[in-house]
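Asks: Following this message is one structure expressed as structure tokens.
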Amino acid sequence: MSIEDKVVEIIVEQLDVTKEECVPEASFIDDLGADSLDIVELIMALEENFSIEINDDELRKIRTIQDSINFIKKKKGLLS
Amino acid sequence: MKRRVVITGLGTVNPLGNSVRDSWGALCAGRSGIGPITKFDAADFQTRIAGELKNFDPLQFVNKKEHRRYDDFIIYALAAAEMALADAGLSIGNETAERTGVIIGSGIGGLITIEREKEAILRGGPRKISPFTIPGILANMAAGHVSIRFGAKGPINCTVTACAAGTNAIGEAFWMIQRGYADAMIAGGVEAAVCPMCVAGFNAMRAISVRNDRPEAASRPFDRDRDGFVIGEGCGLLILEEQSHALKRGARIYAELAGFGLSSDAFHMAAPPPGHEGAARSMRLALQDAGMAPEEIDYINAHGTSTPLNDLYETQAIKAVFGPHSRNVMVSSTKSMTGHLLGGAGGLEAIVCVKAIHEGVVPPTINLDHPDAECDLDYVPHQSRKRDVRAALSNTFGFGGVNAVLLFIKFAG
């Protein structure tokens with residue numbers, strides 16, 4: 001499964017949203033109805049799944065689905 | 001003149017049923033809701049039985065996201081509140097929101113969340129704990145979530161008085177309406193503590209039954225062979241309304257809440273004193289609050305936990321208060337069927353009293369095969385009884401020496 005597909009799968013599960021809502025530019029807060037606690041929990045799930053760590057400064061920069069995908073790719077050395 | 005308070009809605013999930021209708025049917029039929037523990041592997045525990053909810057579908061009341069995040073005690077309260085409000089036909093609108101409040105007691109709060117998240121820390125370190133841990137633990141979150149879901153913006157509180165918590169909540173809601181702070185209150189108690197820490201903790205105190213081979217016979221209040229209470233889970237909530245508020249909207253009135261008595265033993269953290277003077281005093285205070293004589297009470301829903309001490313001393317306290325009338329008054333412990341819902345008990349048992357008055361049926365004490373020689377009241381053994389109930393007391397006593405008693409009467413207009 002691609003990173004993109006896996007991220008969407010996790011978001012669908014964590015935020016109880018549909019796959020169709022999970023377009024790359026969707027904002028967690030504005031479009032997917034998440035609050036700050038939801039985002040913390042989501043990031044924890046992403047950390048767990050991709051075996052990465054995301055610190056609080058980095059967390060604050062993740063606003064959209066694409067942000068989170070880019071971030072994971074960067075951590076994995078797949079994106080410069 | 002005091003503002004009068006009536007009961008217009010009831011909602012419950014408990015080991016006997018996930019509605020008032022099913023629960024009341026089971027209570028009147030004398031069925032037991034006790035069975036083997038399924039919520040965790042209890043193989044190594046001294047006690048392996050409890051009163052668990054059956055076929056409860058949380059997704060009827062919360063979405064998947066909420067289900068994952070909310071502790072069970074919050075979900076049980078949301079379920080009972082939804083049913084109670086629907087039963088009352090009460091919708092909370094802009095004009096009434098600030099005059100409608102919520103008080104839901106819980107003995108412990110989110111104990112299952114505490115256990116799970118502590119394990120997460122031990123397994124993965126402090127960063128592995130869920131951000132929903134603290135809001136899942138706090139005992140006042142049942143009231144908090146009910147207020148959020150239904151838009152009740154009036155007084156809010158959570159009573160945390162162990163096994164009396166639900167009764168304290170209803171008593172305080174009664175005061176709120178009497179004193180004019182609110183016109184309607186959602187009140188009662190909840191508990192979801194069928195979990196390793198709770199079972200092991202009560203086992204360590206030698207407080208709960210170990211009759212694992214016969215779960216349905218384990219809760220046997222006032223019986224000579226009783227060996228402790230049985231942990232139950234669930235929620236009981238009532239809609240309390242100021243009388244004219246209820247009459248104006250044409251609500252069905254189940255009963256009137258006429259008195260509340262509250263006292264402390266100042267004796268021991270867990271045990272009642274011989275004779276249980278504090279319990280007797282709280283019954284007298286409830287009678288006094290309602291301006292009634294002991295002879296006017298037809299039914300007492302006893303605390304009746306099935307522990308050796310409680311049942312004996314509660315019997316003594318009833319005799320002290322009721323004198324010769326203690327021979328006539330019907331006393332039953334519905335914990336014989338539901339188990340002990342801890343903080344939820346006062347909520348569920350208030351519903352039992354209200355239904356007994358409204359339906360004219362007194363549910364029994366089951367498993368009373370050999371009454372304790374010193375427990376010699378009319379405990380309505382084995383079978384429910386059709387009787388006119390004009391007034392009923394609900395007794396609940398909690399660790400820390402709390403004695404809380406509600407007095408309900410038939411609504412006469």
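Quick note on naming: the chains in the structure tokens go A, B, ... in the order shown, residues restart at 1 in each chain, and ligands are numbered from 1 in order of appearance.
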As a ChimeraX atom specification, please: all residues of segment 139-312 of chain B that backbone DSSP puts in helix (DSSP H, G or I).
Replies: /B:141-150,162-178,196-204,215-217,243-248,277-290,294-296,308-312
Asks: Could you go through segment 47-199 of chain B and tell me which residues DSSP, when run on the backbone, assigns to strand (DSSP E), listing them as a PyMOL selection string?
Replies: chain B and resi 49-50+100-106+156-157+184-191
Asks: Can I get the selection written as a CSV table (one decimal), in the first residue's frame, with C-alpha atoms?
Replies:
chain,number,residue,atom,x,y,z
B,49,ILE,CA,-18.9,-12.8,38.1
B,50,ALA,CA,-20.5,-9.4,37.7
B,100,THR,CA,-32.0,23.1,32.4
B,101,GLY,CA,-29.1,21.4,34.2
B,102,VAL,CA,-27.3,18.1,34.6
B,103,ILE,CA,-26.0,16.4,37.7
B,104,ILE,CA,-24.7,12.9,37.2
B,105,GLY,CA,-22.8,11.1,40.0
B,106,SER,CA,-20.2,8.4,39.6
B,156,ILE,CA,-23.9,21.3,36.3
B,157,ASN,CA,-22.3,19.0,38.8
B,184,ALA,CA,-35.6,21.0,34.8
B,185,MET,CA,-32.7,18.7,35.7
B,186,ILE,CA,-31.2,15.5,34.2
B,187,ALA,CA,-30.0,13.7,37.2
B,188,GLY,CA,-28.8,10.3,38.4
B,189,GLY,CA,-25.8,8.1,38.5
B,190,VAL,CA,-23.5,6.0,36.4
B,191,GLU,CA,-20.7,3.5,36.7
Asks: Near chain B, which residues of chain A fall within 12 Å when you count only C-alpha atoms, and what do they look like as a VMD selection string?
Replies: chain A and resid 11 to 17 33 to 45 47 to 48 53 to 56
Asks: Do you know which residues are at most 9 Å from Ala162 of chain B counting only C-alpha atoms, after dropping those on the same chain fewer than 4 positions away, and could you put them as a compact mmCIF listing (two decimals) with N, CA and C atoms, in the first residue's frame?
Replies:
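Below is the file part.txt, written as the result:
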# COMPACT_ATOMS: atom_id res chain seq x y z
N GLY B 105 -23.83 11.59 39.04
CA GLY B 105 -22.82 11.10 39.97
C GLY B 105 -22.14 9.86 39.44
N SER B 106 -20.91 9.66 39.90
CA SER B 106 -20.20 8.43 39.58
C SER B 106 -19.28 8.14 40.75
N GLY B 107 -19.19 6.87 41.12
CA GLY B 107 -18.32 6.53 42.24
C GLY B 107 -16.86 6.73 41.90
N ILE B 108 -16.50 6.40 40.67
CA ILE B 108 -15.09 6.35 40.32
C ILE B 108 -14.73 7.18 39.09
N GLY B 166 -25.31 8.44 42.92
CA GLY B 166 -26.51 8.70 42.13
C GLY B 166 -27.60 9.37 42.95
N LEU B 342 -22.84 0.55 42.07
CA LEU B 342 -21.94 1.52 42.70
C LEU B 342 -22.51 2.93 42.51
N GLY B 343 -21.80 3.81 41.86
CA GLY B 343 -22.31 5.18 41.67
C GLY B 343 -23.59 5.23 40.85
N PHE B 397 -26.15 4.01 50.62
CA PHE B 397 -25.08 4.36 51.56
C PHE B 397 -23.74 4.13 50.87
N GLY B 398 -22.79 5.03 51.12
CA GLY B 398 -21.52 4.91 50.40
C GLY B 398 -20.31 4.92 51.30
N PHE B 399 -19.22 4.33 50.79
CA PHE B 399 -17.94 4.42 51.51
C PHE B 399 -17.65 5.87 51.86
N GLY B 400 -16.98 6.05 52.97
CA GLY B 400 -16.76 7.41 53.46
C GLY B 400 -17.87 7.83 54.41
N VAL B 402 -21.27 7.97 53.78
CA VAL B 402 -22.36 8.76 53.19
C VAL B 402 -23.68 8.00 53.30
Asks: Tell me, as a list in words, which residues lie within 9 Å of Phe73 of chain B, counting only C-alpha atoms; anything in the same chain fewer than 2 positions away does not count.
Replies: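 Skipping anything fewer than 2 positions along the chain leaves Tyr70, Asp71, Ile75, Tyr76, Ala77, Leu78, Ser106, Gly109, Gly110, Gly136, Ala139, Met141, Ala142, Val190, Glu191, Ala192, Ala193, Glu233, Gly234 and Cys235 of chain B.
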Asks: To one decimal place, how far is atom CA of Gly33 of chain B from atom CA of Ser394 of chain B in Å?
Replies: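 Computing it gives 20.4 Å between the two atoms.
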Asks: Can you list, as a ChimeraX atom specification, every protein, DNA or RNA residue that comes within 8 Å of Ile62 of chain A when you count only C-alpha atoms, leaving out same-chain residues fewer than 5 positions away?
Replies: /A:67-68,71
Asks: Mind checking which residues fall within 10 Å of Lys6 of chain A, counting only C-alpha atoms, ignoring those fewer than 6 positions away in the same chain, and posting them as an MDAnalysis selection string?
Replies: chainID A and resid 12 46 49:50 69
Asks: Could the residues in this selection be saved with N, CA and C atoms as a PDB file, in the first residue's frame?
Replies:
ATOM      1  N   VAL A  12      -9.288   8.082   7.889  1.00  0.00           N
ATOM      2  CA  VAL A  12     -10.691   7.642   7.835  1.00  0.00           C
ATOM      3  C   VAL A  12     -11.085   6.979   9.159  1.00  0.00           C
ATOM      4  N   LEU A  46      -0.091   7.876  13.202  1.00  0.00           N
ATOM      5  CA  LEU A  46       0.855   7.934  12.079  1.00  0.00           C
ATOM      6  C   LEU A  46       2.261   7.550  12.553  1.00  0.00           C
ATOM      7  N   ASN A  49       2.364   3.794  12.957  1.00  0.00           N
ATOM      8  CA  ASN A  49       2.323   3.062  11.695  1.00  0.00           C
ATOM      9  C   ASN A  49       3.578   3.177  10.860  1.00  0.00           C
ATOM     10  N   PHE A  50       4.163   4.362  10.854  1.00  0.00           N
ATOM     11  CA  PHE A  50       5.326   4.580   9.982  1.00  0.00           C
ATOM     12  C   PHE A  50       6.644   4.550  10.764  1.00  0.00           C
ATOM     13  N   ILE A  69       1.511  13.743   4.538  1.00  0.00           N
ATOM     14  CA  ILE A  69       2.148  12.796   3.602  1.00  0.00           C
ATOM     15  C   ILE A  69       3.578  13.248   3.298  1.00  0.00           C
TER      16      ILE A  69
END
Asks: Residues within 6 Å of Gly278 of chain B, please, as a short mmCIF file (atom, residue, chain, number, x, y, z; two decimals) with N, CA and C atoms, in the first residue's frame. Count only C-alpha atoms; anything in the same chain fewer than 2 positions from it doesn't count.
Replies:
data_model
loop_
_atom_site.label_atom_id
_atom_site.label_comp_id
_atom_site.auth_asym_id
_atom_site.auth_seq_id
_atom_site.Cartn_x
_atom_site.Cartn_y
_atom_site.Cartn_z
N SER B 263 -26.80 12.34 55.48
CA SER B 263 -26.06 12.37 56.74
C SER B 263 -24.74 11.63 56.57
N SER B 264 -23.89 11.80 57.56
CA SER B 264 -22.60 11.12 57.54
C SER B 264 -22.41 10.31 58.81
N ASP B 265 -21.73 9.17 58.67
CA ASP B 265 -21.48 8.32 59.84
C ASP B 265 -20.36 8.85 60.72
N HIS B 276 -26.43 1.31 62.55
CA HIS B 276 -26.36 2.32 61.48
C HIS B 276 -27.24 3.54 61.76
N ALA B 280 -30.32 5.63 59.72
CA ALA B 280 -31.61 5.92 60.34
C ALA B 280 -31.87 7.44 60.30
N ARG B 281 -30.83 8.19 60.60
CA ARG B 281 -30.99 9.64 60.62
C ARG B 281 -31.31 10.18 59.23
#
Asks: With distances taken over only C-alpha atoms, which of B:Ala218, B:Val380, B:Cys28, B:Val230 is nearest to Ala302 of chain B?
Replies: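 Looking at the shortest contact to Ala302 of chain B, the residue is B:Val380.
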Asks: Which residue out of B:Val199, B:Leu406, B:Ala152, B:Ala293 has the minimum interatomic distance to Leu90 of chain B when only C-alpha atoms are used?
Replies: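 Counting only C-alpha atoms, the residue closest to Leu90 of chain B is B:Ala152.
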Asks: By how many Å are atom CA of Val20 of chain B and atom CA of Thr38 of chain B apart?
Replies: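 Value for the atom CA of Val20 of chain B-atom CA of Thr38 of chain B distance: 23.5 Å.
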Asks: Could you tell me how far atom CA of Pro363 of chain B lies from atom CA of Asp57 of chain B, in Å and to one decimal?
Replies: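 Here the two named atoms are 26.8 Å from each other.
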Asks: Pick from B:Thr338, B:Thr365, B:Thr305, B:Asn395: nearest to Pro215 of chain B, with only C-alpha atoms counted?
Replies: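 Answer, going by the shortest atom-to-atom distance: B:Thr338.
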Asks: For Asp213 of chain B, which residue among B:Arg48, B:Arg385, B:Arg99, B:His145 is the nearest when counting only C-alpha atoms?
Replies: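 Distance minimum relative to Asp213 of chain B lands on B:Arg48.
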